[in-house]
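Okay, my_file-v3.cif now, which holds mmCIF, C-alpha atoms:
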data_work
#
loop_
_atom_site.group_PDB
_atom_site.id
_atom_site.type_symbol
_atom_site.label_atom_id
_atom_site.label_comp_id
_atom_site.auth_asym_id
_atom_site.auth_seq_id
_atom_site.Cartn_x
_atom_site.Cartn_y
_atom_site.Cartn_z
ATOM 1 C CA MET A 82 0.000 0.000 0.000
ATOM 2 C CA LEU A 83 1.180 3.440 -0.868
ATOM 3 C CA ASN A 84 0.737 5.684 2.114
ATOM 4 C CA ARG A 85 0.906 9.462 2.200
ATOM 5 C CA ARG A 86 4.507 9.612 3.307
ATOM 6 C CA LYS A 87 5.663 7.358 0.521
ATOM 7 C CA ALA A 88 3.576 9.231 -2.010
ATOM 8 C CA LEU A 89 5.121 12.509 -0.916
ATOM 9 C CA LYS A 90 8.578 11.041 -1.133
ATOM 10 C CA HIS A 91 7.867 9.840 -4.647
ATOM 11 C CA SER A 92 6.585 13.179 -5.834
ATOM 12 C CA LEU A 93 9.549 14.950 -4.273
ATOM 13 C CA ALA A 94 11.973 12.627 -6.006
ATOM 14 C CA LEU A 95 10.125 13.128 -9.258
ATOM 15 C CA ALA A 96 10.170 16.893 -8.837
ATOM 16 C CA GLY A 97 13.884 16.711 -8.187
ATOM 17 C CA MET A 98 14.442 14.674 -11.309
ATOM 18 C CA LEU A 99 12.369 17.048 -13.408
ATOM 19 C CA ALA A 100 14.187 20.049 -12.010
ATOM 20 C CA GLY A 101 17.479 18.326 -12.738
ATOM 21 C CA THR A 102 16.596 17.781 -16.364
ATOM 22 C CA GLY A 103 15.518 21.377 -16.765
ATOM 23 C CA LEU A 104 11.910 20.501 -17.401
ATOM 24 C CA PHE A 105 10.870 23.347 -15.144
ATOM 25 C CA PRO A 106 11.851 26.348 -17.227
ATOM 26 C CA GLN A 107 9.442 28.492 -15.215
ATOM 27 C CA LEU A 108 11.695 28.169 -12.195
ATOM 28 C CA ALA A 109 14.646 29.576 -14.061
ATOM 29 C CA LEU A 110 12.523 32.388 -15.367
ATOM 30 C CA ALA A 111 11.368 33.511 -11.944
ATOM 31 C CA PHE A 112 8.585 36.030 -12.098
ATOM 32 C CA ASN A 113 9.830 39.211 -10.475
ATOM 33 C CA LYS A 114 6.885 39.846 -8.176
ATOM 34 C CA GLY A 115 8.485 42.722 -6.323
ATOM 35 C CA ALA A 116 9.073 44.704 -9.485
ATOM 36 C CA PHE A 117 5.548 44.218 -10.745
ATOM 37 C CA GLU A 118 4.029 45.259 -7.427
ATOM 38 C CA ALA A 119 6.148 48.369 -6.995
ATOM 39 C CA LYS A 120 4.031 51.477 -6.685
ATOM 40 C CA ASN A 121 6.391 53.946 -8.321
ATOM 41 C CA MET A 122 9.129 54.136 -10.891
ATOM 42 C CA ALA A 123 12.006 54.230 -8.437
ATOM 43 C CA ASP A 124 10.878 51.137 -6.525
ATOM 44 C CA ALA A 125 10.205 49.181 -9.700
ATOM 45 C CA LEU A 126 13.638 49.971 -11.105
ATOM 46 C CA LYS A 127 15.246 49.086 -7.795
ATOM 47 C CA ALA A 128 13.440 45.738 -7.702
ATOM 48 C CA LEU A 129 14.704 45.038 -11.214
ATOM 49 C CA GLY A 130 18.186 46.035 -10.161
ATOM 50 C CA VAL A 131 18.757 48.576 -12.900
ATOM 51 C CA GLY A 132 20.359 51.963 -12.614
ATOM 52 C CA PRO A 133 19.144 55.511 -13.053
ATOM 53 C CA LEU A 134 17.199 56.478 -16.148
ATOM 54 C CA THR A 135 18.634 58.533 -18.955
ATOM 55 C CA GLU A 136 16.436 60.079 -21.616
ATOM 56 C CA SER A 137 17.424 59.000 -25.108
ATOM 57 C CA LYS A 138 16.336 59.890 -28.615
ATOM 58 C CA GLU A 139 17.244 56.384 -29.727
ATOM 59 C CA VAL A 140 14.314 54.923 -27.832
ATOM 60 C CA ASN A 141 10.893 55.381 -29.341
ATOM 61 C CA ILE A 142 7.419 55.101 -27.938
ATOM 62 C CA THR A 143 4.230 55.078 -29.935
ATOM 63 C CA ALA A 144 1.101 55.828 -28.009
ATOM 64 C CA PRO A 145 -2.100 57.776 -28.605
ATOM 65 C CA ASP A 146 -2.342 61.372 -27.314
ATOM 66 C CA ILE A 147 -5.771 60.692 -25.958
ATOM 67 C CA ALA A 148 -7.090 57.269 -25.036
ATOM 68 C CA GLU A 149 -10.840 57.254 -24.774
ATOM 69 C CA ASN A 150 -10.913 53.882 -23.122
ATOM 70 C CA GLY A 151 -8.194 53.330 -20.555
ATOM 71 C CA SER A 152 -8.632 49.571 -20.601
ATOM 72 C CA VAL A 153 -7.177 49.247 -24.108
ATOM 73 C CA VAL A 154 -4.309 51.607 -24.884
ATOM 74 C CA PRO A 155 -2.075 50.488 -27.752
ATOM 75 C CA ILE A 156 1.601 51.060 -26.961
ATOM 76 C CA GLY A 157 4.568 50.485 -29.209
ATOM 77 C CA ILE A 158 8.142 50.582 -27.931
ATOM 78 C CA SER A 159 11.310 50.218 -29.923
ATOM 79 C CA THR A 160 14.946 51.130 -30.169
ATOM 80 C CA THR A 161 17.472 50.843 -32.947
ATOM 81 C CA LEU A 162 20.438 50.574 -30.605
ATOM 82 C CA PRO A 163 22.339 47.278 -30.490
ATOM 83 C CA GLY A 164 23.003 45.480 -27.226
ATOM 84 C CA VAL A 165 19.561 45.691 -25.657
ATOM 85 C CA LYS A 166 18.997 43.359 -22.751
ATOM 86 C CA SER A 167 15.351 44.015 -22.065
ATOM 87 C CA MET A 168 12.641 46.517 -22.776
ATOM 88 C CA LEU A 169 10.023 47.699 -20.322
ATOM 89 C CA ILE A 170 6.713 49.470 -20.510
ATOM 90 C CA MET A 171 6.074 51.555 -17.415
ATOM 91 C CA THR A 172 2.953 53.539 -16.662
ATOM 92 C CA GLU A 173 3.777 56.096 -14.021
ATOM 93 C CA LYS A 174 0.388 56.592 -12.390
ATOM 94 C CA ASN A 175 -0.938 53.050 -12.542
ATOM 95 C CA PRO A 176 -1.399 51.207 -9.229
ATOM 96 C CA ALA A 177 1.662 49.174 -10.213
ATOM 97 C CA THR A 178 4.112 51.038 -12.405
ATOM 98 C CA LEU A 179 5.825 48.217 -14.275
ATOM 99 C CA THR A 180 3.465 46.971 -16.947
ATOM 100 C CA ALA A 181 5.458 44.615 -19.109
ATOM 101 C CA GLN A 182 9.001 43.423 -19.531
ATOM 102 C CA PHE A 183 10.372 41.921 -22.731
ATOM 103 C CA ASN A 184 13.658 40.057 -22.546
ATOM 104 C CA VAL A 185 15.370 40.656 -25.844
ATOM 105 C CA THR A 186 17.550 38.012 -27.496
ATOM 106 C CA ASP A 187 19.716 38.252 -30.603
ATOM 107 C CA SER A 188 16.914 36.695 -32.610
ATOM 108 C CA VAL A 189 14.347 39.418 -32.145
ATOM 109 C CA ASP A 190 14.254 43.128 -32.884
ATOM 110 C CA ALA A 191 13.959 45.416 -29.891
ATOM 111 C CA ALA A 192 10.518 46.504 -31.012
ATOM 112 C CA PHE A 193 7.278 45.421 -29.423
ATOM 113 C CA SER A 194 3.668 46.403 -29.494
ATOM 114 C CA ALA A 195 1.099 45.564 -26.878
ATOM 115 C CA ARG A 196 -2.074 46.928 -25.394
ATOM 116 C CA ILE A 197 -2.167 48.062 -21.801
ATOM 117 C CA LYS A 198 -4.631 49.286 -19.210
ATOM 118 C CA MET A 199 -4.314 52.757 -17.703
ATOM 119 C CA GLY A 200 -6.097 53.937 -14.591
ATOM 120 C CA GLN A 201 -5.732 57.635 -15.363
ATOM 121 C CA SER A 202 -3.857 60.092 -17.540
ATOM 122 C CA SER A 203 -0.170 59.470 -17.077
ATOM 123 C CA ASP A 204 3.240 59.442 -18.632
ATOM 124 C CA VAL A 205 4.035 56.119 -20.275
ATOM 125 C CA TYR A 206 7.713 55.174 -20.410
ATOM 126 C CA ALA A 207 9.482 52.988 -22.903
ATOM 127 C CA VAL A 208 12.625 51.812 -21.142
ATOM 128 C CA ALA A 209 15.528 50.019 -22.768
ATOM 129 C CA VAL A 210 17.906 48.245 -20.412
ATOM 130 C CA MET A 211 21.228 47.880 -22.202
ATOM 131 C CA ASN A 212 23.800 45.136 -21.786
ATOM 132 C CA ASP A 213 26.383 47.721 -20.710
ATOM 133 C CA GLY A 214 24.199 48.836 -17.809
ATOM 134 C CA ARG A 215 22.765 51.985 -19.319
ATOM 135 C CA VAL A 216 19.042 52.474 -18.867
ATOM 136 C CA LEU A 217 17.516 54.643 -21.572
ATOM 137 C CA TYR A 218 13.974 55.847 -21.851
ATOM 138 C CA ALA A 219 11.473 57.813 -23.845
ATOM 139 C CA LYS A 220 8.176 58.928 -22.457
ATOM 140 C CA LYS A 221 4.862 60.116 -23.724
ATOM 141 C CA GLU A 222 1.887 61.536 -21.947
ATOM 142 C CA VAL A 223 -1.368 59.758 -22.621
ATOM 143 C CA LYS A 224 -4.625 61.397 -21.575
ATOM 144 C CA VAL A 225 -7.233 58.906 -20.488
ATOM 145 C CA THR A 226 -10.909 59.793 -20.711
ATOM 146 C CA LEU A 227 -12.219 56.681 -18.969
ATOM 147 C CA GLY A 228 -9.956 54.754 -16.631
ATOM 148 C CA GLY A 229 -9.407 51.061 -17.113
ATOM 149 C CA CYS A 230 -8.439 49.855 -13.687
ATOM 150 C CA GLY A 231 -11.192 50.042 -11.039
ATOM 151 C CA GLY A 232 -14.744 50.860 -11.993
ATOM 152 C CA MET B 89 -7.750 25.160 -20.690
ATOM 153 C CA ALA B 90 -8.050 28.531 -22.186
ATOM 154 C CA ASP B 91 -9.112 29.271 -25.734
ATOM 155 C CA PRO B 92 -6.507 29.039 -28.501
ATOM 156 C CA MET B 93 -4.333 31.981 -29.425
ATOM 157 C CA ARG B 94 -4.430 33.558 -32.831
ATOM 158 C CA ILE B 95 -0.938 33.790 -34.227
ATOM 159 C CA ARG B 96 0.087 35.274 -37.540
ATOM 160 C CA ALA B 97 3.673 35.424 -38.720
ATOM 161 C CA GLN B 98 4.439 37.271 -41.934
ATOM 162 C CA VAL B 99 7.861 37.018 -43.488
ATOM 163 C CA LYS B 100 9.397 39.996 -45.226
ATOM 164 C CA ASP B 101 13.017 39.790 -46.332
ATOM 165 C CA ASP B 102 14.657 37.750 -43.543
ATOM 166 C CA LYS B 103 12.396 38.956 -40.762
ATOM 167 C CA ALA B 104 9.033 37.740 -39.602
ATOM 168 C CA THR B 105 6.524 40.041 -37.989
ATOM 169 C CA VAL B 106 4.600 38.005 -35.459
ATOM 170 C CA ARG B 107 1.231 39.130 -34.190
ATOM 171 C CA VAL B 108 -0.384 37.239 -31.364
ATOM 172 C CA LEU B 109 -3.837 37.604 -29.910
ATOM 173 C CA MET B 110 -4.302 35.660 -26.700
ATOM 174 C CA ALA B 111 -7.631 34.891 -25.093
ATOM 175 C CA HIS B 112 -7.361 35.765 -21.436
ATOM 176 C CA GLU B 113 -9.400 37.691 -18.921
ATOM 177 C CA MET B 114 -6.400 39.637 -17.501
ATOM 178 C CA GLU B 115 -8.214 40.633 -14.341
ATOM 179 C CA GLY B 116 -6.178 43.387 -12.717
ATOM 180 C CA GLY B 117 -7.124 42.862 -9.100
ATOM 181 C CA GLN B 118 -8.420 46.445 -8.818
ATOM 182 C CA ARG B 119 -11.991 45.928 -9.943
ATOM 183 C CA LYS B 120 -14.913 45.263 -7.629
ATOM 184 C CA ASP B 121 -17.894 43.102 -8.417
ATOM 185 C CA ALA B 122 -21.549 44.064 -7.881
ATOM 186 C CA SER B 123 -21.428 43.252 -4.179
ATOM 187 C CA GLY B 124 -18.294 45.307 -3.589
ATOM 188 C CA ASN B 125 -15.777 42.488 -3.305
ATOM 189 C CA VAL B 126 -12.474 42.912 -5.051
ATOM 190 C CA VAL B 127 -12.163 40.589 -8.024
ATOM 191 C CA PRO B 128 -8.879 38.734 -7.500
ATOM 192 C CA ALA B 129 -6.088 39.305 -9.984
ATOM 193 C CA TRP B 130 -5.862 36.749 -12.759
ATOM 194 C CA TYR B 131 -3.378 37.568 -15.492
ATOM 195 C CA ILE B 132 -0.676 36.179 -17.733
ATOM 196 C CA GLN B 133 2.732 36.455 -16.087
ATOM 197 C CA GLU B 134 5.080 34.810 -18.516
ATOM 198 C CA VAL B 135 5.135 34.641 -22.272
ATOM 199 C CA THR B 136 7.642 32.665 -24.293
ATOM 200 C CA ALA B 137 8.103 32.759 -28.041
ATOM 201 C CA THR B 138 10.028 30.161 -30.009
ATOM 202 C CA LEU B 139 11.298 29.905 -33.561
ATOM 203 C CA ASN B 140 11.523 26.259 -34.661
ATOM 204 C CA GLY B 141 11.659 25.246 -31.012
ATOM 205 C CA LYS B 142 14.394 27.714 -30.018
ATOM 206 C CA THR B 143 13.392 30.396 -27.533
ATOM 207 C CA VAL B 144 13.722 33.847 -29.075
ATOM 208 C CA LEU B 145 11.751 35.988 -26.644
ATOM 209 C CA THR B 146 10.552 35.828 -23.091
ATOM 210 C CA ALA B 147 8.348 38.435 -21.521
ATOM 211 C CA GLU B 148 6.973 39.083 -18.080
ATOM 212 C CA TRP B 149 3.704 40.898 -17.762
ATOM 213 C CA GLY B 150 1.925 42.615 -14.946
ATOM 214 C CA PRO B 151 -1.817 42.866 -14.470
ATOM 215 C CA ALA B 152 -1.941 46.124 -16.430
ATOM 216 C CA VAL B 153 -1.791 44.385 -19.792
ATOM 217 C CA SER B 154 -5.196 44.579 -21.486
ATOM 218 C CA LYS B 155 -7.778 41.846 -21.601
ATOM 219 C CA ASN B 156 -7.228 39.467 -24.524
ATOM 220 C CA PRO B 157 -3.638 40.658 -24.898
ATOM 221 C CA PHE B 158 -2.140 41.588 -28.202
ATOM 222 C CA LEU B 159 1.579 41.259 -28.786
ATOM 223 C CA GLN B 160 3.627 42.124 -31.824
ATOM 224 C CA PHE B 161 7.317 41.476 -32.283
ATOM 225 C CA VAL B 162 9.826 40.838 -35.063
ATOM 226 C CA VAL B 163 11.904 37.679 -35.352
ATOM 227 C CA LYS B 164 15.172 37.886 -37.266
ATOM 228 C CA GLY B 165 16.341 35.138 -39.575
ATOM 229 C CA ALA B 166 12.927 33.613 -40.095
ATOM 230 C CA LYS B 167 11.708 32.270 -43.415
ATOM 231 C CA ALA B 168 8.424 30.986 -44.788
ATOM 232 C CA GLY B 169 7.554 27.614 -43.338
ATOM 233 C CA ASP B 170 9.247 28.228 -40.009
ATOM 234 C CA LYS B 171 7.298 27.326 -36.915
ATOM 235 C CA ILE B 172 6.536 30.136 -34.486
ATOM 236 C CA GLY B 173 5.436 28.915 -31.098
ATOM 237 C CA ILE B 174 3.938 31.010 -28.323
ATOM 238 C CA SER B 175 3.194 29.886 -24.816
ATOM 239 C CA TRP B 176 2.012 31.677 -21.729
ATOM 240 C CA LYS B 177 1.531 30.956 -18.062
ATOM 241 C CA ASP B 178 -0.831 32.875 -15.802
ATOM 242 C CA ASN B 179 -0.711 33.486 -12.064
ATOM 243 C CA HIS B 180 -3.000 30.488 -11.469
ATOM 244 C CA GLY B 181 -0.415 28.262 -13.109
ATOM 245 C CA ASP B 182 -2.606 27.699 -16.145
ATOM 246 C CA THR B 183 -0.692 27.454 -19.412
ATOM 247 C CA ARG B 184 -1.395 27.448 -23.094
ATOM 248 C CA SER B 185 0.856 26.826 -26.085
ATOM 249 C CA ASP B 186 0.060 27.345 -29.730
ATOM 250 C CA GLU B 187 2.040 27.201 -32.916
ATOM 251 C CA ALA B 188 1.766 28.830 -36.311
ATOM 252 C CA THR B 189 3.661 28.557 -39.575
ATOM 253 C CA ALA B 190 5.272 31.679 -40.963
ATOM 254 C CA THR B 191 4.081 32.714 -44.395
#

Turn this file's structure into structure tokens for me.
Amino acid sequence: MLNRRKALKHSLALAGMLAGTGLFPQLALAFNKGAFEAKNMADALKALGVGPLTESKEVNITAPDIAENGSVVPIGISTTLPGVKSMLIMTEKNPATLTAQFNVTDSVDAAFSARIKMGQSSDVYAVAVMNDGRVLYAKKEVKVTLGGCGG
Amino acid sequence: MADPMRIRAQVKDDKATVRVLMAHEMEGGQRKDASGNVVPAWYIQEVTATLNGKTVLTAEWGPAVSKNPFLQFVVKGAKAGDKIGISWKDNHGDTRSDEATAT
């Protein structure tokens, strides 16, 4: 008979084996909870472990001037610079500032489009974290007529 | 299991523009239901994109990504017939993977 203790032991061993073979990619790609729960730009950047922001003309953000519906705001971020490690979308006045993080590899362009929710009118930042440690950004103010968080 | 994603990958020169539409509620955890209780957050946290099985992009999302998320990105060195795979995982641990052929 397989009792609870044995069953637990088995599942632990199995988990260990799976982890050993790298079948748990999610563990390696740990979701950075702290960064996504940070309430302001400074805390979010600190949780990500990246340095101070520098404004750059090489980073581009595409966003509407006025978003009638804050629950669907199309945002495009891109940069032409080489050596990008990751790109972030940050919405300054949202309950949590960090909206999305894209980890760039050599096989993709540092250009992404997505749709985000905005609680109120705010600056939206496109942030490029470079391999050499520089953190560049471009920002754009988006006016929101109807907020998309609460309600 | 969630509904399938819609993936389109169009090749131009040696790059493929990939557009993905995922079916997900993306509940932000800020909204209240009719009786005033906060609706718990339920959103996609991790997105992985592959080209012929090789990971080319990973992304982490917060709850502020819109419902039924749209994502567009460009894969270098892709040609017609290549397989573009997208998978996501939400904060409930639910996952979904879909694949499309670049044209």

Problem set entry | Close residues, Asp101 in chain B itself excluded, 12 Å, all atoms listed in the file, min 2 positions apart in chain, as number ranges by chain | B: 98-99, 103-105, 162-168, 191

For this session: With a distance cut-off of 6 Å and only C-alpha atoms, select the neighbouring residues of Val144 in chain B, excluding the residue or stretch itself and same-chain residues fewer than 5 positions from it, and output the selection as a ChimeraX atom specification.
Result: /A:186,188 /B:137-138

The PyMOL selection byres ((chain B) within 6 of (chain A)) on the file shown: which residues, as an mmCIF file with C-alpha atoms, in the coordinates of the input?
data_model
loop_
_atom_site.group_PDB
_atom_site.id
_atom_site.type_symbol
_atom_site.label_atom_id
_atom_site.label_comp_id
_atom_site.auth_asym_id
_atom_site.auth_seq_id
_atom_site.Cartn_x
_atom_site.Cartn_y
_atom_site.Cartn_z
ATOM 1 C CA GLN B 118 -8.420 46.445 -8.818
ATOM 2 C CA ARG B 119 -11.991 45.928 -9.943
ATOM 3 C CA VAL B 144 13.722 33.847 -29.075
ATOM 4 C CA LEU B 145 11.751 35.988 -26.644
ATOM 5 C CA THR B 146 10.552 35.828 -23.091
ATOM 6 C CA ALA B 147 8.348 38.435 -21.521
ATOM 7 C CA GLU B 148 6.973 39.083 -18.080
ATOM 8 C CA TRP B 149 3.704 40.898 -17.762
ATOM 9 C CA GLY B 150 1.925 42.615 -14.946
ATOM 10 C CA ALA B 152 -1.941 46.124 -16.430
ATOM 11 C CA VAL B 153 -1.791 44.385 -19.792
ATOM 12 C CA SER B 154 -5.196 44.579 -21.486
ATOM 13 C CA PHE B 158 -2.140 41.588 -28.202
ATOM 14 C CA LEU B 159 1.579 41.259 -28.786
ATOM 15 C CA GLN B 160 3.627 42.124 -31.824
ATOM 16 C CA PHE B 161 7.317 41.476 -32.283
ATOM 17 C CA VAL B 162 9.826 40.838 -35.063
ATOM 18 C CA VAL B 163 11.904 37.679 -35.352
ATOM 19 C CA LYS B 164 15.172 37.886 -37.266
#

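Around the coordinate (0.2, 31.5, -10.8), residues that reach within 9 Å when counting all atoms listed in the file are Trp130, Tyr131, Ile132, Gln133, Lys177, Asp178, Asn179, His180, Gly181 and Asp182 of chain B.
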
Just to be explicit: take each residue in the selection above, keep C-alpha atoms, and write the result as an mmCIF file, in the coordinates of the input.
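Now in out_15.cif:
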data_model
loop_
_atom_site.group_PDB
_atom_site.id
_atom_site.type_symbol
_atom_site.label_atom_id
_atom_site.label_comp_id
_atom_site.auth_asym_id
_atom_site.auth_seq_id
_atom_site.Cartn_x
_atom_site.Cartn_y
_atom_site.Cartn_z
ATOM 1 C CA TRP B 130 -5.862 36.749 -12.759
ATOM 2 C CA TYR B 131 -3.378 37.568 -15.492
ATOM 3 C CA ILE B 132 -0.676 36.179 -17.733
ATOM 4 C CA GLN B 133 2.732 36.455 -16.087
ATOM 5 C CA LYS B 177 1.531 30.956 -18.062
ATOM 6 C CA ASP B 178 -0.831 32.875 -15.802
ATOM 7 C CA ASN B 179 -0.711 33.486 -12.064
ATOM 8 C CA HIS B 180 -3.000 30.488 -11.469
ATOM 9 C CA GLY B 181 -0.415 28.262 -13.109
ATOM 10 C CA ASP B 182 -2.606 27.699 -16.145
#

Please evaluate the PyMOL selection byres ((chain A and resi 212) around 8) against the structure above and give the resulting residues as an mmCIF file with C-alpha atoms, in the coordinates of the input.
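Saved the output as expr32.cif:
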data_model
loop_
_atom_site.group_PDB
_atom_site.id
_atom_site.type_symbol
_atom_site.label_atom_id
_atom_site.label_comp_id
_atom_site.auth_asym_id
_atom_site.auth_seq_id
_atom_site.Cartn_x
_atom_site.Cartn_y
_atom_site.Cartn_z
ATOM 1 C CA GLY A 164 23.003 45.480 -27.226
ATOM 2 C CA VAL A 165 19.561 45.691 -25.657
ATOM 3 C CA LYS A 166 18.997 43.359 -22.751
ATOM 4 C CA VAL A 210 17.906 48.245 -20.412
ATOM 5 C CA MET A 211 21.228 47.880 -22.202
ATOM 6 C CA ASP A 213 26.383 47.721 -20.710
ATOM 7 C CA GLY A 214 24.199 48.836 -17.809
ATOM 8 C CA ARG A 215 22.765 51.985 -19.319
#

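The coordinates place CA of Thr136 in chain B at 5.7 Å from CA of Ile174 in chain B.
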
Exercise. Written as JSON, numbers by chain, which residues does the PyMOL selection byres ((chain A and resi 134) around 6) give for the file shown?
Worked result: {"A": [133, 135, 216, 217]}

Which protein, DNA or RNA residues are at most 8 Å from (8.4, 62.2, -23.6) in the file's coordinates when you count all atoms listed in the file, listed as a PDB file with C-alpha atoms, in the frame of the given file?
ATOM      1  CA  ASP A 204       3.240  59.442 -18.632  1.00  0.00           C
ATOM      2  CA  TYR A 206       7.713  55.174 -20.410  1.00  0.00           C
ATOM      3  CA  ALA A 219      11.473  57.813 -23.845  1.00  0.00           C
ATOM      4  CA  LYS A 220       8.176  58.928 -22.457  1.00  0.00           C
ATOM      5  CA  LYS A 221       4.862  60.116 -23.724  1.00  0.00           C
ATOM      6  CA  GLU A 222       1.887  61.536 -21.947  1.00  0.00           C
TER       7      GLU A 222
END

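For the pair CA of Val126 in chain B and CA of Asn121 in chain A, the interatomic distance is 22.1 Å.
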
For this session: Work out how far CA of Lys120 in chain B is from CA of Ile147 in chain A, in Å to one decimal.
Result: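 Between these atoms lies a distance of 25.6 Å.
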
Step by step, gather every atom of range 139-147 of chain B that the file lists, find the box along x, y and z that holds them, add 6 Å on each side, and finally give centre and edge lengths in Å to one decimal, as lines of an AutoDock Vina configuration file.
center_x = 11.4
center_y = 31.8
center_z = -28.1
size_x = 18.0
size_y = 25.2
size_z = 25.1

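Comparing A:Gly115, A:Ser203, A:Leu227, A:Met122 by their smallest distance to Asp146 in chain A, the closest is A:Ser203 (using all atoms listed in the file).
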
For this session: Could you tell me which of A:Leu129, A:Gln201, A:Ala207, A:Val140 comes closest to Pro163 in chain A if we count all atoms listed in the file?
Result: A:Val140

Exercise. Pick the closest to Leu139 in chain B from B:Ile172, B:Ala188, B:Val106, B:Met93: which is it, counting only C-alpha atoms?
Worked result: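 Under the stated criterion, the closest residue is B:Ile172.
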
Problem set entry | Which residue of B:Ser175, B:Ala129, B:Asn140, B:Thr183 approaches Ile95 in chain B most closely, using only C-alpha atoms |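 Among B:Ser175, B:Ala129, B:Asn140, B:Thr183, it is B:Ser175 that comes nearest to Ile95 in chain B.
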
Taking the structure I provided as the source, export range 91-104 of chain B with N, CA and C atoms, as a PDB file, in the first residue's frame.
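The file below, result_31.pdb, is the result:
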ATOM      1  N   ASP B  91      -8.874  29.305 -24.293  1.00  0.00           N
ATOM      2  CA  ASP B  91      -9.112  29.271 -25.734  1.00  0.00           C
ATOM      3  C   ASP B  91      -7.794  29.421 -26.494  1.00  0.00           C
ATOM      4  N   PRO B  92      -7.764  28.937 -27.733  1.00  0.00           N
ATOM      5  CA  PRO B  92      -6.507  29.039 -28.501  1.00  0.00           C
ATOM      6  C   PRO B  92      -6.122  30.483 -28.803  1.00  0.00           C
ATOM      7  N   MET B  93      -4.830  30.676 -29.030  1.00  0.00           N
ATOM      8  CA  MET B  93      -4.333  31.981 -29.425  1.00  0.00           C
ATOM      9  C   MET B  93      -4.458  32.104 -30.932  1.00  0.00           C
ATOM     10  N   ARG B  94      -4.506  33.336 -31.382  1.00  0.00           N
ATOM     11  CA  ARG B  94      -4.430  33.558 -32.831  1.00  0.00           C
ATOM     12  C   ARG B  94      -3.058  34.119 -33.112  1.00  0.00           C
ATOM     13  N   ILE B  95      -2.311  33.394 -33.932  1.00  0.00           N
ATOM     14  CA  ILE B  95      -0.938  33.790 -34.227  1.00  0.00           C
ATOM     15  C   ILE B  95      -0.802  33.965 -35.736  1.00  0.00           C
ATOM     16  N   ARG B  96      -0.210  35.068 -36.127  1.00  0.00           N
ATOM     17  CA  ARG B  96       0.087  35.274 -37.540  1.00  0.00           C
ATOM     18  C   ARG B  96       1.534  35.716 -37.651  1.00  0.00           C
ATOM     19  N   ALA B  97       2.268  35.070 -38.519  1.00  0.00           N
ATOM     20  CA  ALA B  97       3.673  35.424 -38.720  1.00  0.00           C
ATOM     21  C   ALA B  97       3.889  35.675 -40.202  1.00  0.00           C
ATOM     22  N   GLN B  98       4.233  36.913 -40.537  1.00  0.00           N
ATOM     23  CA  GLN B  98       4.439  37.271 -41.934  1.00  0.00           C
ATOM     24  C   GLN B  98       5.907  37.545 -42.190  1.00  0.00           C
ATOM     25  N   VAL B  99       6.448  36.869 -43.180  1.00  0.00           N
ATOM     26  CA  VAL B  99       7.861  37.018 -43.488  1.00  0.00           C
ATOM     27  C   VAL B  99       8.049  38.106 -44.531  1.00  0.00           C
ATOM     28  N   LYS B 100       8.997  38.992 -44.243  1.00  0.00           N
ATOM     29  CA  LYS B 100       9.397  39.996 -45.226  1.00  0.00           C
ATOM     30  C   LYS B 100      10.912  40.073 -45.154  1.00  0.00           C
ATOM     31  N   ASP B 101      11.563  39.926 -46.295  1.00  0.00           N
ATOM     32  CA  ASP B 101      13.017  39.790 -46.332  1.00  0.00           C
ATOM     33  C   ASP B 101      13.416  38.639 -45.395  1.00  0.00           C
ATOM     34  N   ASP B 102      14.297  38.874 -44.413  1.00  0.00           N
ATOM     35  CA  ASP B 102      14.657  37.750 -43.543  1.00  0.00           C
ATOM     36  C   ASP B 102      14.072  37.929 -42.143  1.00  0.00           C
ATOM     37  N   LYS B 103      13.004  38.727 -42.061  1.00  0.00           N
ATOM     38  CA  LYS B 103      12.396  38.956 -40.762  1.00  0.00           C
ATOM     39  C   LYS B 103      10.923  38.575 -40.800  1.00  0.00           C
ATOM     40  N   ALA B 104      10.442  38.087 -39.689  1.00  0.00           N
ATOM     41  CA  ALA B 104       9.033  37.740 -39.602  1.00  0.00           C
ATOM     42  C   ALA B 104       8.373  38.612 -38.540  1.00  0.00           C
TER      43      ALA B 104
END
